[in-house]
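Okay, input-v1.txt is below, compact mmCIF, C-alpha atoms:
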```txt
# COMPACT_ATOMS: atom_id res chain seq x y z
CA MET A 1 2.99 130.05 129.40
CA ASP A 2 0.42 131.95 131.45
CA LEU A 3 -1.06 133.54 128.33
CA GLU A 4 -2.91 130.31 127.65
CA ILE A 5 -5.64 131.73 129.89
CA ILE A 6 -6.35 134.37 127.23
CA ASP A 7 -6.98 131.65 124.65
CA THR A 8 -9.37 130.03 127.11
CA ILE A 9 -11.22 133.29 127.64
CA PHE A 10 -11.41 133.89 123.89
CA THR A 11 -12.85 130.39 123.48
CA PHE A 12 -15.72 131.29 125.81
CA GLY A 13 -16.14 134.84 124.54
CA LYS A 14 -16.39 134.02 120.85
CA PHE A 15 -19.70 132.18 121.32
CA VAL A 16 -21.36 135.37 122.56
CA ALA A 17 -19.36 137.73 120.30
CA LEU A 18 -17.52 139.34 123.23
CA THR A 19 -13.97 138.54 122.06
CA PRO A 20 -12.10 137.43 118.95
CA SER A 21 -12.16 133.68 118.41
CA SER A 22 -8.44 133.30 119.22
CA THR A 23 -5.26 135.28 119.76
CA ASN A 24 -4.46 134.77 116.07
CA ASN A 25 -7.83 135.89 114.74
CA HIS A 26 -6.56 139.19 113.31
CA ASN A 27 -8.79 139.11 110.24
CA PRO A 28 -12.18 137.56 110.99
CA ARG A 29 -14.00 135.75 108.23
CA CYS A 30 -17.22 137.06 106.73
CA LEU A 31 -19.32 134.50 108.61
CA GLN A 32 -17.76 135.58 111.87
CA LYS A 33 -18.49 139.24 111.14
CA LEU A 34 -22.06 138.34 110.20
CA TYR A 35 -22.45 136.37 113.45
CA GLU A 36 -21.26 139.33 115.54
CA ILE A 37 -23.66 141.66 113.73
CA CYS A 38 -26.56 139.24 114.28
CA VAL A 39 -25.76 138.99 117.99
CA TYR A 40 -25.85 142.76 118.31
CA LEU A 41 -29.11 143.09 116.36
CA LEU A 42 -30.71 140.35 118.47
CA TYR A 43 -29.57 142.15 121.59
CA VAL A 44 -31.13 145.43 120.39
CA VAL A 45 -34.43 143.66 119.76
CA GLY A 46 -34.19 141.96 123.16
CA PHE A 47 -33.44 145.28 124.85
CA ILE A 48 -36.52 146.92 123.34
CA VAL A 49 -38.75 143.96 124.24
CA SER A 50 -37.33 143.86 127.76
CA ALA A 51 -37.99 147.58 128.23
CA TYR A 52 -41.60 147.04 127.12
CA ALA A 53 -42.02 144.07 129.48
CA LYS A 54 -40.73 146.12 132.42
CA SER A 55 -42.99 149.11 131.76
CA PRO A 56 -45.52 148.05 134.47
CA VAL A 57 -42.68 147.95 137.01
CA TYR A 58 -41.44 151.38 135.94
CA GLN A 59 -44.93 152.82 136.40
CA ALA A 60 -44.85 151.79 140.07
CA LEU A 61 -41.56 153.60 140.71
CA THR A 62 -41.23 157.05 142.17
CA PHE A 63 -39.88 159.78 139.91
CA VAL A 64 -36.35 159.50 141.30
CA GLN A 65 -36.39 155.71 141.09
CA PHE A 66 -37.66 155.92 137.52
CA VAL A 67 -34.82 158.29 136.53
CA LEU A 68 -32.24 156.01 138.12
CA ALA A 69 -33.70 152.89 136.49
CA THR A 70 -33.80 154.59 133.09
CA LEU A 71 -30.20 155.78 133.39
CA CYS A 72 -29.15 152.29 134.44
CA GLU A 73 -30.82 150.73 131.39
CA LEU A 74 -29.29 153.30 129.02
CA ASN A 75 -25.91 152.68 130.63
CA GLN A 76 -26.25 148.94 129.97
CA PHE A 77 -27.25 149.55 126.36
CA CYS A 78 -24.23 151.84 125.83
CA TYR A 79 -22.05 149.20 127.49
CA ILE A 80 -23.07 146.50 125.00
CA PHE A 81 -22.75 148.96 122.09
CA TYR A 82 -19.21 149.75 123.23
CA ILE A 83 -18.24 146.07 123.48
CA LEU A 84 -19.85 144.74 120.31
CA VAL A 85 -19.27 147.72 118.03
CA VAL A 86 -16.37 149.82 119.34
CA VAL A 87 -14.13 147.13 120.84
CA MET A 88 -14.97 144.23 118.53
CA ARG A 89 -15.01 146.24 115.32
CA LEU A 90 -13.17 149.56 115.65
CA ARG A 91 -10.51 148.56 118.19
CA ARG A 92 -10.08 144.91 117.30
CA THR A 93 -6.32 145.26 116.76
CA SER A 94 -5.93 146.44 120.36
CA TRP A 95 -6.57 142.88 121.57
CA PHE A 96 -3.53 141.56 119.73
CA ARG A 97 -1.32 144.50 120.73
CA LEU A 98 -2.15 143.74 124.37
CA VAL A 99 -1.34 140.04 123.97
CA LYS A 100 1.92 140.95 122.22
CA SER A 101 2.93 143.26 125.08
CA LEU A 102 2.21 140.59 127.69
CA ALA A 103 4.06 137.92 125.71
CA ALA A 104 7.18 140.09 125.44
CA VAL A 105 7.78 140.18 129.22
CA HIS A 106 8.35 137.22 131.51
CA SER A 107 6.05 136.76 134.48
CA ALA A 108 6.70 135.79 138.08
CA PRO A 109 5.65 132.28 139.14
CA LYS A 110 1.99 132.18 140.18
CA THR A 111 0.27 129.89 142.63
CA LEU A 112 -3.22 130.94 141.52
CA PRO A 113 -4.59 128.67 138.72
CA LEU A 114 -6.18 131.37 136.55
CA LYS A 115 -7.68 128.95 134.06
CA LEU A 116 -9.44 127.02 136.81
CA VAL A 117 -10.65 130.24 138.44
CA PHE A 118 -12.09 131.50 135.16
CA VAL A 119 -13.85 128.25 134.23
CA ALA A 120 -15.25 127.90 137.77
CA SER A 121 -16.53 131.48 137.69
CA GLN A 122 -18.36 130.79 134.41
CA LEU A 123 -20.00 127.70 135.87
CA VAL A 124 -21.07 129.59 138.99
CA TYR A 125 -22.52 132.43 136.94
CA CYS A 126 -24.33 129.98 134.66
CA CYS A 127 -25.95 128.46 137.75
CA LEU A 128 -26.98 131.94 138.87
CA THR A 129 -28.41 132.65 135.42
CA PHE A 130 -30.43 129.41 135.41
CA PHE A 131 -31.65 130.33 138.87
CA GLY A 132 -32.73 133.74 137.52
CA VAL A 133 -34.51 132.18 134.54
CA TYR A 134 -36.35 129.82 136.88
CA ALA A 135 -37.34 132.77 139.10
CA TYR A 136 -38.71 134.70 136.10
CA ILE A 137 -40.66 131.67 134.85
CA ALA A 138 -42.06 130.94 138.31
CA HIS A 139 -42.99 134.59 138.84
CA ALA A 140 -44.36 135.63 135.45
CA GLY A 141 -44.46 132.61 133.15
CA LEU A 142 -42.32 131.38 130.26
CA THR A 143 -43.55 134.00 127.76
CA VAL A 144 -42.62 136.94 129.97
CA ALA A 145 -39.28 135.33 130.89
CA ALA A 146 -38.39 135.13 127.19
CA PHE A 147 -38.69 138.93 127.02
CA TYR A 148 -35.69 139.23 129.34
CA ILE A 149 -33.14 137.39 127.19
CA GLY A 150 -31.49 140.69 126.26
CA GLU A 151 -31.16 141.57 129.93
CA PHE A 152 -29.54 138.23 130.73
CA TYR A 153 -27.06 138.83 127.90
CA GLN A 154 -26.02 142.25 129.13
CA HIS A 155 -25.59 140.96 132.68
CA TYR A 156 -23.36 138.13 131.42
CA ALA A 157 -21.33 140.50 129.24
CA GLN A 158 -20.67 142.72 132.26
CA PHE A 159 -19.65 139.74 134.41
CA PHE A 160 -17.46 138.34 131.61
CA TYR A 161 -15.55 141.58 131.21
CA LEU A 162 -15.17 141.99 134.97
CA MET A 163 -13.49 138.58 135.11
CA PHE A 164 -11.40 139.33 132.02
CA THR A 165 -10.28 142.66 133.50
CA THR A 166 -9.28 141.01 136.76
CA ILE A 167 -7.27 138.26 135.04
CA LEU A 168 -5.43 140.69 132.76
CA LEU A 169 -4.52 142.86 135.75
CA ILE A 170 -3.15 139.76 137.50
CA LEU A 171 -1.04 139.03 134.40
CA LEU A 172 0.27 142.60 134.35
CA LEU A 173 1.02 142.48 138.08
CA SER A 174 2.98 139.23 137.70
CA ARG A 175 5.20 140.88 135.09
CA TYR A 176 5.97 143.87 137.29
CA GLU A 177 6.69 141.39 140.11
CA HIS A 178 9.17 139.63 137.82
CA LEU A 179 10.98 142.91 137.14
CA SER A 180 11.10 143.65 140.86
CA GLU A 181 12.47 140.19 141.63
CA THR A 182 15.08 140.55 138.86
CA LEU A 183 16.33 143.76 140.46
CA SER A 184 16.45 142.06 143.88
CA GLN A 185 18.55 139.23 142.44
CA LEU A 186 20.83 141.75 140.75
CA ILE A 187 21.37 143.60 144.02
CA ARG A 188 22.23 140.35 145.83
CA ALA A 189 24.49 138.99 143.07
CA ARG A 190 26.13 142.25 142.02
CA SER A 191 29.61 141.18 143.16
CA GLN A 192 29.43 137.99 141.08
CA LEU A 193 28.62 139.74 137.78
CA ASN A 194 30.82 141.76 135.46
CA SER A 195 29.83 145.17 134.16
CA LYS A 196 28.62 143.92 130.78
CA GLN A 197 26.25 141.43 132.40
CA VAL A 198 24.85 144.12 134.68
CA VAL A 199 24.28 146.51 131.77
CA ASP A 200 22.56 143.79 129.72
CA ILE A 201 20.17 143.04 132.59
CA LEU A 202 19.40 146.73 133.11
CA GLN A 203 18.69 147.17 129.39
CA LYS A 204 16.29 144.21 129.42
CA ILE A 205 14.47 145.70 132.41
CA LYS A 206 14.28 149.06 130.66
CA ASN A 207 12.79 147.51 127.52
CA SER A 208 10.30 145.57 129.66
CA VAL A 209 9.16 148.76 131.39
CA PHE A 210 8.52 150.38 127.99
CA THR A 211 6.61 147.29 126.82
CA LEU A 212 4.45 147.09 129.94
CA LYS A 213 3.67 150.79 129.77
CA GLU A 214 2.40 150.27 126.23
CA GLY A 215 0.39 147.27 127.43
CA VAL A 216 -1.26 149.36 130.16
CA GLU A 217 -2.23 152.03 127.60
CA VAL A 218 -3.80 149.37 125.36
CA PHE A 219 -5.56 147.93 128.42
CA ASN A 220 -7.04 151.37 129.09
CA ASP A 221 -8.19 151.65 125.47
CA ILE A 222 -10.07 148.35 125.68
CA PHE A 223 -11.34 148.26 129.26
CA GLY A 224 -11.42 151.92 130.35
CA TRP A 225 -14.98 152.53 129.21
CA SER A 226 -16.19 149.13 130.38
CA ILE A 227 -14.87 149.86 133.89
CA LEU A 228 -16.64 153.24 133.87
CA PHE A 229 -19.93 151.71 132.68
CA THR A 230 -19.67 148.96 135.30
CA ILE A 231 -19.10 151.44 138.16
CA PHE A 232 -22.03 153.58 137.03
CA SER A 233 -24.29 150.53 136.64
CA CYS A 234 -23.34 149.11 140.03
CA VAL A 235 -23.81 152.42 141.87
CA SER A 236 -27.15 153.19 140.22
CA ARG A 237 -28.55 149.68 140.84
CA THR A 238 -27.38 149.82 144.45
CA LEU A 239 -29.12 153.17 144.93
CA ILE A 240 -32.35 151.81 143.44
CA TYR A 241 -32.43 148.81 145.76
CA LEU A 242 -31.46 150.80 148.84
CA ASP A 243 -34.12 153.39 148.09
CA ILE A 244 -36.79 150.69 147.58
CA ILE A 245 -35.82 148.84 150.76
CA ILE A 246 -35.61 151.95 152.95
CA LYS A 247 -38.96 153.29 151.78
CA HIS A 248 -40.69 149.86 151.73
CA SER A 249 -42.24 150.79 148.41
CA GLU A 250 -44.86 148.77 146.56
CA VAL A 251 -42.19 147.56 144.15
CA TRP A 252 -40.39 145.79 147.02
CA GLU A 253 -43.61 144.43 148.50
CA GLY A 254 -44.70 143.02 145.15
CA GLN A 255 -41.28 141.77 144.12
CA ASP A 256 -40.74 138.02 143.98
CA THR A 257 -38.18 136.99 146.62
CA LEU A 258 -36.22 134.77 144.22
CA LEU A 259 -35.95 137.57 141.66
CA PHE A 260 -34.77 139.99 144.30
CA TYR A 261 -32.07 137.64 145.60
CA CYS A 262 -30.94 136.90 142.04
CA ASP A 263 -30.55 140.61 141.24
CA PHE A 264 -28.94 141.17 144.63
CA CYS A 265 -26.31 138.51 143.82
CA ARG A 266 -25.52 140.25 140.53
CA VAL A 267 -25.00 143.55 142.34
CA VAL A 268 -22.71 141.87 144.88
CA ILE A 269 -20.71 140.21 142.08
CA SER A 270 -20.35 143.58 140.36
CA TRP A 271 -19.05 145.15 143.57
CA VAL A 272 -16.56 142.31 144.03
CA GLY A 273 -15.36 142.84 140.46
CA ILE A 274 -15.00 146.60 140.96
CA LEU A 275 -13.09 146.13 144.23
CA SER A 276 -10.80 143.54 142.61
CA THR A 277 -10.06 145.93 139.74
CA ILE A 278 -9.30 148.83 142.07
CA PHE A 279 -7.02 146.88 144.39
CA LEU A 280 -5.16 145.15 141.54
CA CYS A 281 -4.52 148.50 139.83
CA ASP A 282 -3.27 149.87 143.14
CA SER A 283 -1.02 146.82 143.64
CA ILE A 284 0.58 147.38 140.23
CA LEU A 285 1.27 151.02 141.09
CA LYS A 286 2.87 149.96 144.40
CA LYS A 287 4.99 147.37 142.63
CA CYS A 288 6.21 150.05 140.22
CA ASP A 289 7.20 152.23 143.20
CA GLU A 290 9.05 149.21 144.62
CA ILE A 291 10.93 148.82 141.33
CA LEU A 292 11.95 152.47 141.46
CA ALA A 293 13.15 152.14 145.07
CA LYS A 294 15.30 149.13 144.13
CA THR A 295 16.89 150.98 141.22
CA TYR A 296 17.95 153.72 143.66
CA ARG A 297 19.40 151.06 146.00
CA LEU A 298 21.26 149.48 143.10
CA GLU A 299 22.67 152.81 141.96
CA VAL A 300 25.03 153.10 144.95
CA LYS A 301 26.55 149.67 144.20
CA LEU A 302 27.49 150.26 140.57
CA THR A 303 30.73 151.33 138.94
CA SER A 304 31.16 154.43 136.80
CA TYR A 305 30.70 152.32 133.64
CA GLU A 306 27.33 151.05 134.86
CA ILE A 307 26.05 154.23 136.48
CA GLU A 308 24.94 155.79 133.19
CA GLU A 309 22.70 152.82 132.39
CA ILE A 310 21.08 152.80 135.84
CA GLN A 311 20.35 156.53 135.57
CA VAL A 312 18.65 155.88 132.23
CA LEU A 313 16.62 153.11 133.86
CA ILE A 314 15.58 155.42 136.72
CA ASP A 315 14.37 158.02 134.20
CA VAL A 316 12.50 155.33 132.26
CA VAL A 317 10.73 154.01 135.37
CA LEU A 318 9.86 157.55 136.53
CA HIS A 319 8.38 158.59 133.18
CA ASN A 320 6.70 155.30 132.31
CA ARG A 321 4.83 154.63 135.50
CA PRO A 322 1.60 152.75 134.69
CA GLU A 323 -1.58 154.76 135.03
CA PHE A 324 -4.97 153.11 134.85
CA LYS A 325 -7.86 155.31 133.74
CA ALA A 326 -11.61 154.87 133.45
CA ALA A 327 -12.15 156.27 129.94
CA ARG A 328 -9.74 159.10 130.88
CA PHE A 329 -12.30 160.55 133.31
CA PHE A 330 -10.35 159.56 136.43
CA SER A 331 -7.41 157.44 137.47
CA ILE A 332 -8.00 154.08 139.13
CA ASP A 333 -6.19 153.45 142.41
CA ARG A 334 -7.16 152.86 146.02
CA SER A 335 -8.57 156.39 146.36
CA THR A 336 -11.14 155.52 143.68
CA LEU A 337 -12.94 153.30 146.21
CA PHE A 338 -13.46 156.18 148.60
CA SER A 339 -14.62 158.45 145.77
CA VAL A 340 -17.21 155.89 144.67
CA LEU A 341 -18.45 155.28 148.22
CA ASN A 342 -18.57 159.01 148.88
CA SER A 343 -20.68 159.58 145.77
CA LEU A 344 -22.92 156.63 146.68
CA THR A 345 -23.49 158.00 150.20
CA THR A 346 -24.19 161.52 148.93
CA PHE A 347 -26.77 160.39 146.39
CA LEU A 348 -28.38 158.05 148.92
CA LEU A 349 -28.83 160.92 151.40
CA VAL A 350 -30.45 162.96 148.64
CA LEU A 351 -32.72 160.08 147.61
CA ILE A 352 -34.10 159.32 151.07
CA GLN A 353 -35.21 162.94 151.43
CA PHE A 354 -37.66 162.61 148.54
CA LYS A 355 -41.13 161.51 149.45
CA GLU A 356 -42.78 158.85 147.36
CA MET A 357 -44.90 160.32 144.62
```
Written form, structure tokens:
Amino acid sequence: MDLEIIDTIFTFGKFVALTPSSTNNHNPRCLQKLYEICVYLLYVVGFIVSAYAKSPVYQALTFVQFVLATLCELNQFCYIFYILVVVMRLRRTSWFRLVKSLAAVHSAPKTLPLKLVFVASQLVYCCLTFFGVYAYIAHAGLTVAAFYIGEFYQHYAQFFYLMFTTILLILLLSRYEHLSETLSQLIRARSQLNSKQVVDILQKIKNSVFTLKEGVEVFNDIFGWSILFTIFSCVSRTLIYLDIIIKHSEVWEGQDTLLFYCDFCRVVISWVGILSTIFLCDSILKKCDEILAKTYRLEVKLTSYEIEEIQVLIDVVLHNRPEFKAARFFSIDRSTLFSVLNSLTTFLLVLIQFKEM
């Protein structure tokens, strides 16, 4: 079953306390709880040390750049707090509710090997991390590079959850595709089925719509804030780099080229993850509209005995349309991309009007 990918992700995530150890790990042992607490405390120490190590860089920034950099760092700290404390401790049961919802609905056949994609992405990001560590050591020495362990952790956590978000959205999309294909087959084979068979199929589709709607709500509970933090982090880091490059500030002139390209790659990866999330959410919404259109097409082909069930299904689809939200601040669909780019452009125009202090 395609849910094996979740076990694979949990296997990777448990080593850095980002996920439960398995899909059956409802009640973690004391050692596991202690390990997760230690990881968070080590991160807090690393965050403080990293902020101290970067103080000379912050002193060279303009006031606006300093504000953006500070907000970006606070955003990253809140992001890790949300993952390690809120999701892993307070909302731990949500993981298993999401897996249960996905397991209850069949998926459409997929040609994309998700497990291979995930493992390959981890290897690529590990290479990028080693490249970043080398750049820090070459630029500032081993001692200074050790101060940035907390920063490397938060970057990996963000990348890990971007990949996890993308894969879960693909799993949700495949289930809506299966419902759509089931309706298509029912429309084609209507004349070969008796009324009881048709009603049974419609009831299964109705139950699946309810289940997937619940799964989307759980998905929002787990990943809504992480998506919001990722968008804010990506936009703020992009603004910082664009402002530095446009103004040719001393920070850019004194920045090591390897470090810059390493950070630039992280920003690009974040943008790719955000775009993937937006377009996958939009694809799921379109697939739901397709399901609704097919139920209307099927309605004209049914007998009076079956018409009541199809009307119930139409009401269910209409009132249980999936809605993806970023921490309930805004809905995620294709229009989100234009909103983000519009905000980015507006802030950039404001930034370039400030003279360096």
> Mind pulling up the distance from CA of Val124 in chain A to CA of Arg237 in chain A?
Replying inline: 21.5 Å
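With all atoms listed in the file as the atoms that count, the minimum distance from Leu242 in chain A to the choices A:Thr345, A:Gln122, A:Thr182, A:Thr111 is reached by A:Thr345.
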Considering only C-alpha atoms, tabulate each residue of range 294-338 of chain A that lies at most 12 Å from range 159-178 of chain A along with its nearest interatomic pair and the corresponding distance in Å to one decimal; arrange the rows by chain and ascending residue number and present them as JSON lines.
```
{"residue": "A:Val317", "atom": "CA", "partner": "A:Tyr176", "partner_atom": "CA", "distance": 11.4}
{"residue": "A:Arg321", "atom": "CA", "partner": "A:Tyr176", "partner_atom": "CA", "distance": 11.0}
{"residue": "A:Pro322", "atom": "CA", "partner": "A:Tyr176", "partner_atom": "CA", "distance": 10.2}
{"residue": "A:Phe324", "atom": "CA", "partner": "A:Leu169", "partner_atom": "CA", "distance": 10.3}
```
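With distances restricted to only C-alpha atoms, A:Phe329 is the closest residue to Phe229 in chain A from A:Phe329, A:Tyr58, A:Phe210, A:Tyr52.
Going from CA of Ser335 in chain A over to CA of Thr230 in chain A, you cover 17.3 Å.
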> Could you pull the residues within 7 Å of Gly215 in chain A, counting all atoms listed in the file, minus those fewer than 5 positions along the same chain, as a PyMOL selection string?
Replying inline: chain A and resi 98+101-102
> Could you name the residues that touch range 291-299 of chain A at 7 Å or less, counting all atoms listed in the file, but leaving out those on the same chain fewer than 4 positions away, as a VMD selection string?
Replying inline: chain A and resid 180 183 187 287 307 310 314 317
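Across the model, the gap from CA of Leu3 in chain A to CA of Tyr40 in chain A is 28.3 Å.
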Sorted by chain and rising residue number, which residues of range 57-138 of chain A lie within 12 Å of range 265-273 of chain A, and what are their closest atom pairs and distances in Å to one decimal, counting only C-alpha atoms, as JSON lines?
```
{"residue": "A:Ser121", "atom": "CA", "partner": "A:Ile269", "partner_atom": "CA", "distance": 10.6}
{"residue": "A:Val124", "atom": "CA", "partner": "A:Ile269", "partner_atom": "CA", "distance": 11.1}
{"residue": "A:Tyr125", "atom": "CA", "partner": "A:Arg266", "partner_atom": "CA", "distance": 9.1}
{"residue": "A:Cys126", "atom": "CA", "partner": "A:Arg266", "partner_atom": "CA", "distance": 11.9}
{"residue": "A:Cys127", "atom": "CA", "partner": "A:Cys265", "partner_atom": "CA", "distance": 11.7}
{"residue": "A:Leu128", "atom": "CA", "partner": "A:Cys265", "partner_atom": "CA", "distance": 8.3}
{"residue": "A:Thr129", "atom": "CA", "partner": "A:Arg266", "partner_atom": "CA", "distance": 9.6}
{"residue": "A:Phe131", "atom": "CA", "partner": "A:Cys265", "partner_atom": "CA", "distance": 11.0}
{"residue": "A:Gly132", "atom": "CA", "partner": "A:Arg266", "partner_atom": "CA", "distance": 10.2}
```
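Close contacts of range 223-226 of chain A, defined as residues with an atom at most 7 Å away when counting only C-alpha atoms, with chain neighbours fewer than 3 positions off set aside, comprise Tyr79, Phe219, Asn220, Phe229, Thr230, Lys325, Ala326 and Ala327 of chain A.
Counting only C-alpha atoms, the residue from A:His106, A:Arg188, A:Lys115, A:Arg328 that sits nearest to Phe10 in chain A is A:Lys115.
The residue that comes closest to Ser283 in chain A, out of A:Ile332, A:Leu71, A:Val300, A:Val209 and on the basis of all atoms listed in the file, is A:Ile332.
Shortest atom-to-atom contact with Ser191 in chain A among A:Val64, A:Leu302, A:Leu341, A:Ile274: A:Leu302, counting only C-alpha atoms.
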>> Need to verify the contact set: Val16 in chain A, 12 Å, all atoms listed in the file, exclusion of same-chain residues closer than 3 positions in sequence. Can you return it as an MDAnalysis selection string?
In response: chainID A and resid 9:13 19:21 32 35:40 42:43 80 83:84 88 152:154 156:157 160
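Comparing the minimum interatomic distances between Gly46 in chain A and each of A:Val117, A:Leu259, A:Ile205, A:Ile149, counting all atoms listed in the file, we find that A:Ile149 sits nearest.
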>> Residues near Leu202 in chain A, anyone? I mean within 10 Å using all atoms listed in the file, not counting same-chain ones fewer than 3 positions away, as a VMD selection string.
In response: chain A and resid 182 to 183 186 196 to 199 205 to 208 295 306 309 to 310 312 to 313
